[in-house]
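For reference, run-v5.cif (mmCIF, C-alpha atoms and all ligand atoms):
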data_coords
loop_
_atom_site.label_atom_id
_atom_site.label_comp_id
_atom_site.auth_asym_id
_atom_site.auth_seq_id
_atom_site.Cartn_x
_atom_site.Cartn_y
_atom_site.Cartn_z
CA MET P 1 56.08 -12.24 38.79
CA ASN P 2 57.94 -15.59 38.80
CA ILE P 3 57.47 -18.17 36.13
CA ARG P 4 54.90 -20.20 38.09
CA GLN P 5 52.84 -17.07 38.78
CA SER P 6 53.08 -16.08 35.12
CA ILE P 7 51.88 -19.50 33.99
CA SER P 8 48.96 -19.45 36.37
CA ALA P 9 48.09 -15.86 35.39
CA LEU P 10 48.17 -16.94 31.76
CA GLY P 11 45.93 -19.89 32.60
CA ALA P 12 43.46 -17.60 34.30
CA ALA P 13 43.49 -15.25 31.33
CA VAL P 14 42.83 -18.13 28.94
CA THR P 15 39.97 -19.36 31.13
CA VAL P 16 38.44 -15.87 31.23
CA ALA P 17 38.81 -15.51 27.49
CA LEU P 18 37.21 -18.89 26.91
CA ALA P 19 34.40 -18.14 29.33
CA GLY P 20 33.79 -14.90 27.46
CA THR P 21 33.65 -16.52 24.06
CA SER P 22 32.31 -19.99 24.69
CA HIS P 23 28.77 -18.90 23.88
CA ALA P 24 29.73 -16.24 21.40
CA THR P 25 28.04 -16.92 18.11
CA GLU P 26 28.55 -15.27 14.77
CA LEU P 27 25.26 -14.45 13.15
CA GLU P 28 25.06 -13.34 9.56
CA VAL P 29 22.28 -10.78 9.19
CA THR P 30 21.09 -9.80 5.73
CA HIS P 31 19.32 -6.51 4.92
CA TRP P 32 19.22 -3.84 2.23
CA TRP P 33 20.05 -0.81 4.35
CA THR P 34 22.96 0.70 2.48
CA SER P 35 22.26 4.46 2.25
CA GLY P 36 24.00 6.76 4.75
CA GLY P 37 21.02 7.07 7.08
CA GLU P 38 20.11 3.38 6.85
CA ALA P 39 23.68 2.25 7.51
CA ALA P 40 23.82 4.49 10.59
CA ALA P 41 20.55 2.98 11.83
CA VAL P 42 21.45 -0.67 11.29
CA ALA P 43 24.80 -0.08 13.00
CA GLU P 44 22.76 0.44 16.18
CA PHE P 45 21.51 -3.14 15.94
CA ALA P 46 25.00 -4.47 15.32
CA LYS P 47 26.40 -2.49 18.25
CA ALA P 48 23.72 -3.79 20.64
CA PHE P 49 24.14 -7.38 19.46
CA ASP P 50 27.93 -7.28 19.72
CA ALA P 51 27.58 -5.93 23.26
CA THR P 52 25.97 -9.25 24.25
CA GLY P 53 29.24 -11.01 23.34
CA HIS P 54 27.89 -12.38 20.06
CA LYS P 55 29.07 -11.12 16.69
CA TRP P 56 26.90 -9.44 14.07
CA ILE P 57 28.21 -10.38 10.63
CA ASP P 58 26.80 -7.71 8.39
CA GLY P 59 25.25 -9.05 5.21
CA ALA P 60 24.17 -5.77 3.58
CA ILE P 61 22.93 -6.26 0.02
CA ALA P 62 23.33 -3.16 -2.13
CA GLY P 63 20.57 -2.01 -4.43
CA SER P 64 17.07 -1.96 -3.03
CA GLY P 65 14.57 -4.33 -1.49
CA GLY P 66 13.70 -5.42 -5.02
CA THR P 67 17.27 -6.64 -5.55
CA ALA P 68 17.81 -8.03 -2.08
CA ARG P 69 14.58 -9.94 -1.49
CA PRO P 70 15.00 -12.54 -4.23
CA ILE P 71 18.59 -13.17 -3.08
CA ILE P 72 17.49 -13.58 0.53
CA ILE P 73 14.56 -15.84 -0.34
CA SER P 74 16.53 -18.04 -2.73
CA ARG P 75 19.28 -18.53 -0.16
CA ILE P 76 16.73 -19.75 2.38
CA LEU P 77 14.93 -21.93 -0.15
CA GLY P 78 18.25 -23.28 -1.42
CA GLY P 79 19.43 -24.47 2.00
CA ASP P 80 22.00 -21.72 2.58
CA PRO P 81 20.22 -19.70 5.26
CA MET P 82 21.61 -16.66 7.04
CA GLY P 83 21.17 -16.27 10.80
CA ALA P 84 18.59 -13.53 10.47
CA THR P 85 17.17 -11.34 7.76
CA GLN P 86 15.22 -8.20 7.17
CA LEU P 87 12.03 -8.39 5.14
CA ASN P 88 8.97 -6.21 5.04
CA HIS P 89 6.49 -8.07 7.14
CA GLY P 90 3.30 -8.87 5.47
CA ARG P 91 3.05 -11.29 2.65
CA GLN P 92 6.70 -11.49 1.52
CA ALA P 93 7.53 -14.38 3.85
CA GLU P 94 4.29 -16.35 3.46
CA GLU P 95 5.78 -19.00 1.23
CA LEU P 96 8.87 -19.50 3.39
CA ILE P 97 6.68 -19.94 6.46
CA GLU P 98 4.46 -22.43 4.68
CA GLU P 99 7.58 -24.41 3.73
CA GLY P 100 8.58 -24.54 7.41
CA LEU P 101 11.80 -22.62 6.78
CA LEU P 102 11.35 -19.82 9.30
CA THR P 103 11.56 -20.10 13.08
CA ASP P 104 8.39 -19.83 15.09
CA LEU P 105 8.94 -17.03 17.61
CA THR P 106 5.63 -17.43 19.43
CA GLU P 107 7.12 -18.72 22.67
CA LEU P 108 9.54 -15.79 22.95
CA ALA P 109 6.83 -13.32 21.93
CA GLU P 110 4.51 -14.66 24.64
CA LYS P 111 7.22 -14.66 27.27
CA GLU P 112 8.00 -11.02 26.51
CA GLY P 113 4.40 -9.93 26.06
CA TRP P 114 4.84 -8.63 22.50
CA LYS P 115 1.07 -8.59 22.06
CA ASP P 116 0.75 -5.95 24.77
CA ILE P 117 3.80 -3.97 23.71
CA VAL P 118 3.59 -3.79 19.93
CA ASN P 119 1.53 -0.87 18.71
CA PRO P 120 -0.42 -0.87 16.43
CA SER P 121 -1.28 -4.53 16.77
CA SER P 122 -1.45 -4.85 12.97
CA LEU P 123 2.38 -4.95 13.02
CA LEU P 124 2.37 -8.20 14.93
CA ASP P 125 -0.57 -9.50 12.90
CA ALA P 126 1.61 -9.05 9.82
CA CYS P 127 4.17 -11.36 11.48
CA THR P 128 1.52 -13.94 12.26
CA LEU P 129 0.35 -16.88 10.20
CA ASP P 130 -2.21 -19.37 11.51
CA GLY P 131 -1.87 -17.91 14.99
CA ARG P 132 1.93 -18.29 15.18
CA ILE P 133 4.42 -15.39 15.19
CA TYR P 134 7.35 -15.58 12.78
CA CYS P 135 9.01 -12.18 12.92
CA ALA P 136 10.23 -9.44 15.20
CA PRO P 137 8.95 -6.08 13.91
CA VAL P 138 11.51 -3.29 14.27
CA ASN P 139 9.75 -0.19 12.98
CA ILE P 140 6.68 1.36 11.51
CA HIS P 141 7.74 2.89 8.28
CA SER P 142 5.48 4.93 6.13
CA ALA P 143 5.65 5.82 2.50
CA GLN P 144 3.42 8.88 2.27
CA TRP P 145 5.79 11.83 2.67
CA LEU P 146 6.71 14.81 0.53
CA TRP P 147 10.20 16.15 1.34
CA LEU P 148 10.78 19.77 0.34
CA SER P 149 13.98 21.77 -0.05
CA HIS P 150 13.78 25.24 1.52
CA GLY P 151 16.80 26.35 -0.49
CA ALA P 152 15.24 25.40 -3.82
CA PHE P 153 12.01 27.29 -3.14
CA LYS P 154 13.96 30.30 -1.94
CA GLU P 155 15.94 30.30 -5.16
CA ALA P 156 12.71 30.05 -7.17
CA GLY P 157 11.24 32.93 -5.16
CA VAL P 158 8.18 31.04 -3.87
CA ASP P 159 7.06 30.04 -0.41
CA VAL P 160 7.65 26.48 0.68
CA PRO P 161 4.42 24.66 -0.29
CA LYS P 162 2.08 23.41 2.41
CA ASN P 163 0.44 20.73 0.29
CA TRP P 164 0.61 18.90 -3.02
CA GLY P 165 -1.61 21.47 -4.80
CA GLU P 166 0.76 24.31 -3.86
CA PHE P 167 3.72 22.18 -4.90
CA VAL P 168 2.26 21.60 -8.38
CA ALA P 169 1.42 25.30 -8.66
CA ALA P 170 5.00 26.27 -7.72
CA ALA P 171 6.64 23.87 -10.17
CA PRO P 172 6.84 26.29 -13.14
CA LYS P 173 8.80 28.74 -10.96
CA LEU P 174 11.23 25.98 -10.01
CA LYS P 175 11.67 25.13 -13.68
CA GLU P 176 12.27 28.79 -14.58
CA ALA P 177 15.01 28.86 -11.96
CA GLY P 178 16.61 25.85 -13.67
CA LEU P 179 15.65 23.45 -10.89
CA GLN P 180 14.14 19.98 -11.03
CA PRO P 181 10.60 20.21 -9.60
CA LEU P 182 10.21 16.59 -8.49
CA ALA P 183 13.16 14.29 -7.83
CA MET P 184 12.43 10.69 -8.75
CA GLY P 185 14.62 7.61 -8.82
CA GLN P 186 14.04 5.53 -11.93
CA GLN P 187 12.95 2.30 -10.26
CA GLY P 188 9.49 0.75 -10.29
CA TRP P 189 9.15 0.55 -6.51
CA GLN P 190 9.89 4.27 -6.12
CA GLN P 191 7.50 5.23 -8.90
CA ASN P 192 4.88 2.96 -7.35
CA LEU P 193 5.48 4.51 -3.94
CA ALA P 194 4.85 7.96 -5.45
CA PHE P 195 1.76 6.66 -7.22
CA GLY P 196 0.38 5.09 -4.03
CA THR P 197 0.99 8.29 -2.10
CA ILE P 198 -0.73 10.40 -4.75
CA THR P 199 -3.61 7.89 -4.69
CA VAL P 200 -4.26 8.29 -0.97
CA ALA P 201 -4.07 12.08 -1.32
CA VAL P 202 -6.38 12.30 -4.36
CA ALA P 203 -8.79 9.41 -3.86
CA GLY P 204 -8.81 9.28 -0.04
CA MET P 205 -8.48 6.37 2.28
CA ASP P 206 -11.83 4.69 1.54
CA ALA P 207 -11.27 4.37 -2.19
CA TRP P 208 -7.68 3.24 -1.60
CA THR P 209 -8.88 0.53 0.81
CA GLU P 210 -11.57 -0.59 -1.60
CA VAL P 211 -8.95 -1.15 -4.30
CA ALA P 212 -5.80 -2.30 -2.47
CA VAL P 213 -7.43 -4.26 0.33
CA ASN P 214 -10.78 -5.36 -1.11
CA LYS P 215 -9.40 -5.71 -4.67
CA ASN P 216 -12.38 -3.87 -6.13
CA ALA P 217 -11.50 -3.60 -9.83
CA GLU P 218 -14.59 -1.49 -10.59
CA VAL P 219 -13.36 1.29 -8.33
CA ALA P 220 -9.88 0.92 -9.85
CA ALA P 221 -11.39 1.43 -13.30
CA GLY P 222 -13.83 4.15 -12.18
CA PRO P 223 -13.94 7.96 -12.07
CA VAL P 224 -12.12 8.49 -8.75
CA TYR P 225 -9.11 6.51 -9.96
CA LYS P 226 -9.29 8.35 -13.28
CA GLU P 227 -8.43 11.49 -11.31
CA VAL P 228 -5.63 9.61 -9.58
CA PHE P 229 -4.05 8.56 -12.87
CA GLU P 230 -4.37 12.08 -14.24
CA ALA P 231 -2.65 13.49 -11.15
CA ALA P 232 0.08 10.87 -11.55
CA ALA P 233 0.53 11.85 -15.21
CA ALA P 234 0.91 15.49 -14.11
CA ALA P 235 3.48 14.44 -11.50
CA ARG P 236 5.31 12.52 -14.23
CA GLU P 237 5.80 15.82 -16.08
CA LEU P 238 7.35 17.35 -12.95
CA ALA P 239 9.72 14.39 -12.60
CA LYS P 240 11.01 14.61 -16.19
CA GLY P 241 14.75 15.07 -16.25
CA SER P 242 15.33 13.38 -12.92
CA ASN P 243 17.63 10.68 -14.16
CA VAL P 244 19.00 9.25 -10.94
CA GLN P 245 18.37 5.61 -10.04
CA ASP P 246 18.62 5.10 -6.29
CA TRP P 247 16.13 6.73 -3.94
CA ASN P 248 18.85 8.29 -1.81
CA LEU P 249 20.40 9.96 -4.86
CA ALA P 250 17.01 11.55 -5.50
CA THR P 251 16.88 12.64 -1.83
CA ASN P 252 20.31 14.12 -2.33
CA LEU P 253 18.94 16.38 -5.09
CA VAL P 254 16.56 17.81 -2.48
CA ILE P 255 19.27 18.08 0.18
CA THR P 256 21.56 19.98 -2.22
CA ASN P 257 18.71 22.30 -3.34
CA LYS P 258 18.78 21.01 -6.91
CA ALA P 259 15.21 19.72 -6.73
CA GLY P 260 12.11 21.13 -5.06
CA GLY P 261 10.85 17.91 -3.55
CA GLN P 262 10.67 14.15 -3.50
CA ILE P 263 7.86 11.77 -2.60
CA MET P 264 9.58 9.13 -0.49
CA GLY P 265 9.17 7.11 2.66
CA ASP P 266 10.21 8.24 6.11
CA TRP P 267 13.64 6.68 5.61
CA ALA P 268 14.55 9.84 3.63
CA GLN P 269 14.66 11.50 7.04
CA GLY P 270 17.86 9.58 7.84
CA GLU P 271 19.60 11.15 4.83
CA PHE P 272 18.74 14.72 5.87
CA GLN P 273 20.01 13.89 9.32
CA VAL P 274 23.33 12.48 8.08
CA ALA P 275 23.71 15.65 5.97
CA GLY P 276 23.29 17.73 9.14
CA GLN P 277 20.03 19.35 7.99
CA VAL P 278 17.31 20.45 10.37
CA ALA P 279 13.61 19.76 9.83
CA GLY P 280 11.62 22.99 9.63
CA GLU P 281 14.76 25.01 8.83
CA ASP P 282 16.46 23.36 5.87
CA TYR P 283 13.61 21.16 4.75
CA THR P 284 9.97 20.44 5.36
CA CYS P 285 8.20 17.10 5.44
CA LEU P 286 4.52 16.82 4.56
CA PRO P 287 2.88 13.55 5.55
CA GLY P 288 0.08 12.52 3.20
CA LEU P 289 1.38 15.21 0.81
CA GLY P 290 -0.15 17.75 3.18
CA VAL P 291 -3.59 16.74 1.87
CA ASN P 292 -4.68 13.73 3.91
CA GLU P 293 -2.52 13.38 7.00
CA ILE P 294 -2.42 9.63 6.85
CA LEU P 295 0.41 7.12 7.04
CA ASP P 296 0.63 3.47 6.27
CA THR P 297 1.94 1.15 8.91
CA GLY P 298 4.24 -0.91 6.78
CA GLY P 299 7.56 -1.73 8.25
CA ASP P 300 10.61 -3.84 8.52
CA ALA P 301 10.89 -7.00 10.53
CA PHE P 302 13.50 -9.65 11.14
CA TYR P 303 12.95 -13.32 10.38
CA PHE P 304 15.11 -16.17 11.61
CA PRO P 305 15.63 -19.09 9.24
CA VAL P 306 15.43 -22.54 10.81
CA VAL P 307 18.94 -23.82 11.54
CA LYS P 308 20.20 -27.01 13.18
CA ASP P 309 22.89 -25.58 15.43
CA GLU P 310 21.64 -25.05 19.02
CA GLU P 311 24.04 -22.17 19.78
CA THR P 312 22.90 -20.34 16.67
CA LYS P 313 19.28 -20.88 17.67
CA LYS P 314 19.98 -19.30 21.05
CA ALA P 315 21.74 -16.34 19.48
CA GLN P 316 18.79 -15.89 17.10
CA MET P 317 16.40 -15.65 20.04
CA GLU P 318 18.68 -13.17 21.81
CA LEU P 319 18.74 -10.99 18.73
CA ALA P 320 14.96 -11.20 18.31
CA SER P 321 14.48 -10.08 21.89
CA LEU P 322 17.02 -7.27 21.57
CA LEU P 323 15.44 -5.83 18.43
CA VAL P 324 12.19 -5.00 20.19
CA SER P 325 13.81 -3.89 23.46
CA PRO P 326 13.20 -0.24 24.45
CA GLU P 327 16.72 1.16 24.16
CA VAL P 328 17.46 -0.48 20.81
CA GLN P 329 14.09 0.67 19.48
CA VAL P 330 14.86 4.29 20.35
CA ASN P 331 18.44 4.30 19.05
CA PHE P 332 17.59 2.58 15.79
CA ASN P 333 14.45 4.53 14.93
CA LEU P 334 15.91 7.96 15.73
CA LYS P 335 18.56 7.29 13.07
CA LYS P 336 16.24 5.58 10.61
CA GLY P 337 13.45 8.17 10.63
CA SER P 338 10.84 5.48 11.25
CA LEU P 339 8.59 5.09 14.27
CA PRO P 340 9.22 2.55 17.02
CA VAL P 341 7.00 -0.50 17.33
CA ARG P 342 6.25 0.13 20.97
CA GLY P 343 4.27 2.95 22.44
CA ASP P 344 5.85 2.81 25.89
CA ILE P 345 9.13 4.60 25.20
CA ASP P 346 10.25 8.19 25.50
CA LEU P 347 10.68 9.91 22.16
CA SER P 348 10.85 13.50 23.30
CA SER P 349 14.15 13.88 21.43
CA ALA P 350 12.49 13.04 18.10
CA ASN P 351 12.58 15.78 15.46
CA ASP P 352 9.74 17.67 13.84
CA CYS P 353 8.97 15.03 11.20
CA MET P 354 8.97 12.13 13.62
CA GLN P 355 6.70 14.11 15.96
CA LYS P 356 4.25 14.58 13.08
CA GLY P 357 4.35 10.83 12.44
CA LEU P 358 3.79 10.01 16.11
CA LYS P 359 0.76 12.31 16.23
CA ILE P 360 -0.79 10.70 13.14
CA LEU P 361 -0.23 7.31 14.73
CA ALA P 362 -1.77 8.43 18.02
CA ASP P 363 -4.80 9.80 16.13
CA GLY P 364 -5.17 6.42 14.45
CA ASN P 365 -5.00 7.84 10.90
CA VAL P 366 -3.27 4.77 9.54
CA LEU P 367 -3.72 2.30 6.74
CA PRO P 368 -2.06 -1.02 5.93
CA SER P 369 0.89 -1.04 3.54
CA GLY P 370 0.83 -2.46 0.03
CA ASP P 371 3.15 -5.24 1.28
CA MET P 372 0.45 -6.24 3.70
CA ALA P 373 -2.51 -5.92 1.36
CA LEU P 374 -1.21 -7.33 -1.91
CA SER P 375 0.68 -10.50 -2.77
CA PRO P 376 4.31 -10.08 -3.90
CA ASP P 377 3.14 -11.13 -7.39
CA SER P 378 0.56 -8.37 -7.67
CA GLN P 379 3.02 -5.86 -6.18
CA THR P 380 5.61 -6.76 -8.83
CA GLN P 381 3.08 -6.43 -11.64
CA ILE P 382 2.05 -2.99 -10.39
CA GLU P 383 5.68 -1.90 -10.00
CA ASP P 384 6.43 -3.02 -13.57
CA LEU P 385 3.42 -1.08 -14.84
CA MET P 386 4.55 2.01 -12.90
CA ALA P 387 8.09 1.74 -14.26
CA GLU P 388 6.64 1.84 -17.77
CA PHE P 389 4.12 4.56 -17.02
CA TRP P 390 6.62 6.96 -15.43
CA SER P 391 9.35 6.47 -18.03
CA THR P 392 7.20 6.73 -21.18
CA ASP P 393 4.28 8.84 -22.35
CA MET P 394 1.80 6.05 -21.70
CA PRO P 395 -1.64 7.72 -21.55
CA ALA P 396 -3.23 7.85 -18.09
CA ALA P 397 -6.30 5.95 -19.37
CA ASP P 398 -4.17 3.04 -20.64
CA ALA P 399 -2.30 2.81 -17.36
CA GLN P 400 -5.59 2.85 -15.47
CA ALA P 401 -6.98 0.00 -17.59
CA SER P 402 -3.87 -2.15 -17.02
CA TYR P 403 -3.94 -1.35 -13.32
CA ALA P 404 -7.60 -2.34 -12.99
CA ALA P 405 -6.83 -5.64 -14.73
CA ILE P 406 -4.06 -6.40 -12.20
CA ILE P 407 -6.44 -5.63 -9.32
CA GLU P 408 -9.11 -7.82 -10.90
CA ALA P 409 -6.70 -10.78 -10.96
CA ALA P 410 -5.15 -10.06 -7.52
CA GLU P 411 -5.61 -12.45 -4.61
C1 LIG N 1 12.15 -0.41 2.17
C2 LIG N 1 12.60 -0.67 3.58
C3 LIG N 1 12.84 0.60 4.28
C4 LIG N 1 13.81 1.37 3.48
C5 LIG N 1 13.56 1.42 2.01
C6 LIG N 1 14.66 1.96 1.16
O1 LIG N 1 11.80 -1.61 1.55
O2 LIG N 1 11.66 -1.42 4.22
O3 LIG N 1 13.26 0.38 5.58
O4 LIG N 1 14.82 1.92 4.10
O5 LIG N 1 13.21 0.16 1.50
O6 LIG N 1 15.80 1.19 1.24
#
What would you get if you wrote out this structure as structure tokens?
Ligand code: GAL
Amino acid sequence: MNIRQSISALGAAVTVALAGTSHATELEVTHWWTSGGEAAAVAEFAKAFDATGHKWIDGAIAGSGGTARPIIISRILGGDPMGATQLNHGRQAEELIEEGLLTDLTELAEKEGWKDIVNPSSLLDACTLDGRIYCAPVNIHSAQWLWLSHGAFKEAGVDVPKNWGEFVAAAPKLKEAGLQPLAMGQQGWQQNLAFGTITVAVAGMDAWTEVAVNKNAEVAAGPVYKEVFEAAAAARELAKGSNVQDWNLATNLVITNKAGGQIMGDWAQGEFQVAGQVAGEDYTCLPGLGVNEILDTGGDAFYFPVVKDEETKKAQMELASLLVSPEVQVNFNLKKGSLPVRGDIDLSSANDCMQKGLKILADGNVLPSGDMALSPDSQTQIEDLMAEFWSTDMPAADAQASYAAIIEAAE
């Protein structure tokens, strides 16, 4: 190649490079997916976004949703918005939407027919305020699962329980074998998740709806909830000695056969998967604690703060569209352990636990999540109460009275 050819080849290369990058936009995306399974799942989003020529700048915030949400919200309120952010759709973003700080996605959603694709429709409703859509839902996650270690029950010499009653009955044997019956991270949201799951199992869906959705304080203070609080106090005994903080450390106690079980959301599934364990062989998952096969349809969704830059706006819309697209939905949810937001994709490769979840969804045995039913204020008050209840000897009756008072004041 002579010098003229080299110069023109170089020119062509520069032009190609520029053409490839001229619309490439860096988008900072905040989320709180930092456990092994979660990180593997969110990497699927980043990979798909980067493949469009844009760049996913990962803004993972360690801790939990409780740590991350205030940081995310204050950045948006304070005029330092990220390109996109995870939140649990429902009421967490209400204030930001009312302030006009989040992008209206209605046009994109209509163009792509999200209303016909997203299933159940409550997921999109939770993104909607005054008829406008403000988020792209990425999964249906559910809280009501009991994860059981086959190894721990083998060591204790008892069969793997098929429901919560059998689990409670087997707990003394686990203790005798020097094992932790119930693994529990010492954070209010985890203790509240366990409480909520026990509530649906003990009180049933109608009573739960009456309290969480209709804010009926009489039911919260009544005899059915008395049983719930007593069952929670019994579970508290089984969780004594479980001193870990993060939920995934508690899951790890189950994975390593040090604890019999953990009540945790479907995201625990991602941890078992990363550890190479097989559902039905190494562990069992019982939706609804094996009592009421019911799941809530909470979930994660991405919101897009209003920005001035046109290129960033375009990249935001591309990401929103990508997140609900079939391939990305499958790849992400298979790693996350959650269910996809669309019913029109092939999930035959899903494992035992995910198949159970899909069946419950198909049967329509679903309820809204706490994030959808209660304001963030009420949720925080309940989580604080649960943190105190689970880490002290607070009598069940006192906890019930405080709980009923929160429900009474809830909006
Ligand atoms: C939830 C989140 C889930 C999840 C879990 C634990 O708030 O929505 O997707 O993984 O926290 O980090």
Exercise. Which residues sit within 7 Å of ligand LIG 1 (chain N), counting all atoms listed in the file, listed as a PyMOL selection string?
Worked result: chain P and resi 32-33+38+64-65+88+141+267+299-300
Problem set entry | Exercise: Met317 in chain P partners within 9 Å, all atoms listed in the file, chain neighbours under 6 positions left out, as a list in words | Leu105, Leu108 and Phe304 of chain P
For this session: Write out as a list in words the residues lying within 6 Å of Gly83 in chain P, counting only C-alpha atoms and excluding same-chain residues fewer than 2 positions away.
Result: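 Once the adjacent positions are removed, what remains is Leu27, Glu28 and Val29 of chain P.
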For this session: For CA of Ala109 in chain P and CA of Glu327 in chain P, determine how far apart the two atoms are, in Å to one decimal place.
Result: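 Atom-to-atom, CA of Ala109 in chain P to CA of Glu327 in chain P, that is 17.7 Å.
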Which residues are near range 213-221 of chain P? Cut-off 7 Å, all atoms listed in the file, ignore same chain within fewer than 6 positions. Put them as a PDB file with C-alpha atoms, keeping the file's coordinate frame.
ATOM      1  CA  ALA P 373      -2.510  -5.920   1.360  1.00  0.00           C
ATOM      2  CA  GLN P 400      -5.590   2.850 -15.470  1.00  0.00           C
ATOM      3  CA  ALA P 401      -6.980   0.000 -17.590  1.00  0.00           C
ATOM      4  CA  ALA P 404      -7.600  -2.340 -12.990  1.00  0.00           C
ATOM      5  CA  ILE P 407      -6.440  -5.630  -9.320  1.00  0.00           C
ATOM      6  CA  GLU P 408      -9.110  -7.820 -10.900  1.00  0.00           C
ATOM      7  CA  ALA P 410      -5.150 -10.060  -7.520  1.00  0.00           C
TER       8      ALA P 410
END
For this session: Considering all atoms listed in the file, state which residue in the set P:Pro120, P:Pro172, P:Gly59, P:Gly364 is at the smallest distance from Asp344 in chain P.
Result: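 Among the listed residues, the smallest separation from Asp344 in chain P belongs to P:Pro120.
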Contacts of range 178-250 of chain P with range 151-168 of chain P up to 10 Å, shortest pair per row, all atoms listed in the file, as CSV:
residue,atom,partner,partner_atom,distance
P:Gly178,CA,P:Ala156,CA,8.7
P:Leu179,CA,P:Ala152,CA,7.3
P:Gln180,CA,P:Ala152,CA,9.1
P:Pro181,CA,P:Val168,CA,8.5
P:Leu182,CA,P:Phe167,CA,9.3
P:Ile198,CA,P:Trp164,CA,8.8
P:Ala201,CA,P:Trp164,CA,8.4
P:Val202,CA,P:Trp164,CA,9.7
P:Ala231,CA,P:Val168,CA,9.9
P:Ala234,CA,P:Val168,CA,8.5
P:Ala235,CA,P:Val168,CA,7.9
P:Leu238,CA,P:Val168,CA,8.1
Problem set entry | Selection near Asn292 in chain P, 12 Å with all atoms listed in the file, sequence-local residues under 4 positions removed, as an MDAnalysis selection string | chainID P and resid 144:146 162:164 197:206 286:288 296 360 365:367
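Here the question is which of P:Lys173, P:Ala60, P:Ala362, P:Asn192 gets nearest to Asp384 in chain P using only C-alpha atoms, and that residue is P:Asn192.
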Contacts of Leu339 in chain P at 7 Å (only C-alpha atoms; same-chain gap of 6+ positions) as a PDB file with C-alpha atoms, in the frame of the given file:
ATOM      1  CA  ASN P 139       9.750  -0.190  12.980  1.00  0.00           C
ATOM      2  CA  ILE P 140       6.680   1.360  11.510  1.00  0.00           C
ATOM      3  CA  HIS P 141       7.740   2.890   8.280  1.00  0.00           C
ATOM      4  CA  ASN P 333      14.450   4.530  14.930  1.00  0.00           C
TER       5      ASN P 333
END
Exercise. P:Leu322, P:Ala232, P:Ala143, P:Ala301: which is nearest Phe389 in chain P, counting only C-alpha atoms?
Worked result: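 Of all the options, P:Ala232 lies closest to Phe389 in chain P.
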For this session: Would you work out the distance separating CA of Asp398 in chain P from CA of Ala183 in chain P, expressed in Å to one decimal?
Result: 24.3 Å
May I ask you to restore N, CA, C and O atoms in range 45-54 of chain P and write the result as a PDB file, in the coordinates of the input?
ATOM      1  N   PHE P  45      21.821  -1.728  15.659  1.00  0.00           N
ATOM      2  CA  PHE P  45      21.510  -3.140  15.940  1.00  0.00           C
ATOM      3  C   PHE P  45      22.791  -3.929  16.169  1.00  0.00           C
ATOM      4  O   PHE P  45      22.905  -4.711  17.107  1.00  0.00           O
ATOM      5  N   ALA P  46      23.747  -3.723  15.251  1.00  0.00           N
ATOM      6  CA  ALA P  46      25.000  -4.470  15.320  1.00  0.00           C
ATOM      7  C   ALA P  46      25.715  -4.186  16.640  1.00  0.00           C
ATOM      8  O   ALA P  46      26.195  -5.106  17.319  1.00  0.00           O
ATOM      9  N   LYS P  47      25.716  -2.894  17.011  1.00  0.00           N
ATOM     10  CA  LYS P  47      26.400  -2.490  18.250  1.00  0.00           C
ATOM     11  C   LYS P  47      25.752  -3.182  19.460  1.00  0.00           C
ATOM     12  O   LYS P  47      26.434  -3.747  20.310  1.00  0.00           O
ATOM     13  N   ALA P  48      24.430  -3.182  19.501  1.00  0.00           N
ATOM     14  CA  ALA P  48      23.720  -3.790  20.640  1.00  0.00           C
ATOM     15  C   ALA P  48      23.944  -5.302  20.670  1.00  0.00           C
ATOM     16  O   ALA P  48      24.130  -5.901  21.735  1.00  0.00           O
ATOM     17  N   PHE P  49      23.957  -5.927  19.506  1.00  0.00           N
ATOM     18  CA  PHE P  49      24.140  -7.380  19.460  1.00  0.00           C
ATOM     19  C   PHE P  49      25.566  -7.749  19.873  1.00  0.00           C
ATOM     20  O   PHE P  49      25.778  -8.670  20.668  1.00  0.00           O
ATOM     21  N   ASP P  50      26.536  -7.007  19.359  1.00  0.00           N
ATOM     22  CA  ASP P  50      27.930  -7.280  19.720  1.00  0.00           C
ATOM     23  C   ASP P  50      28.163  -7.094  21.218  1.00  0.00           C
ATOM     24  O   ASP P  50      28.986  -7.789  21.819  1.00  0.00           O
ATOM     25  N   ALA P  51      27.418  -6.180  21.816  1.00  0.00           N
ATOM     26  CA  ALA P  51      27.580  -5.930  23.260  1.00  0.00           C
ATOM     27  C   ALA P  51      27.135  -7.126  24.096  1.00  0.00           C
ATOM     28  O   ALA P  51      27.499  -7.241  25.259  1.00  0.00           O
ATOM     29  N   THR P  52      26.381  -8.053  23.505  1.00  0.00           N
ATOM     30  CA  THR P  52      25.970  -9.250  24.250  1.00  0.00           C
ATOM     31  C   THR P  52      27.084 -10.303  24.239  1.00  0.00           C
ATOM     32  O   THR P  52      26.956 -11.362  24.858  1.00  0.00           O
ATOM     33  N   GLY P  53      28.156 -10.035  23.456  1.00  0.00           N
ATOM     34  CA  GLY P  53      29.240 -11.010  23.340  1.00  0.00           C
ATOM     35  C   GLY P  53      29.156 -11.803  22.050  1.00  0.00           C
ATOM     36  O   GLY P  53      30.110 -12.453  21.650  1.00  0.00           O
ATOM     37  N   HIS P  54      28.012 -11.726  21.373  1.00  0.00           N
ATOM     38  CA  HIS P  54      27.890 -12.380  20.060  1.00  0.00           C
ATOM     39  C   HIS P  54      28.488 -11.465  18.994  1.00  0.00           C
ATOM     40  O   HIS P  54      28.881 -10.341  19.275  1.00  0.00           O
TER      41      HIS P  54
END
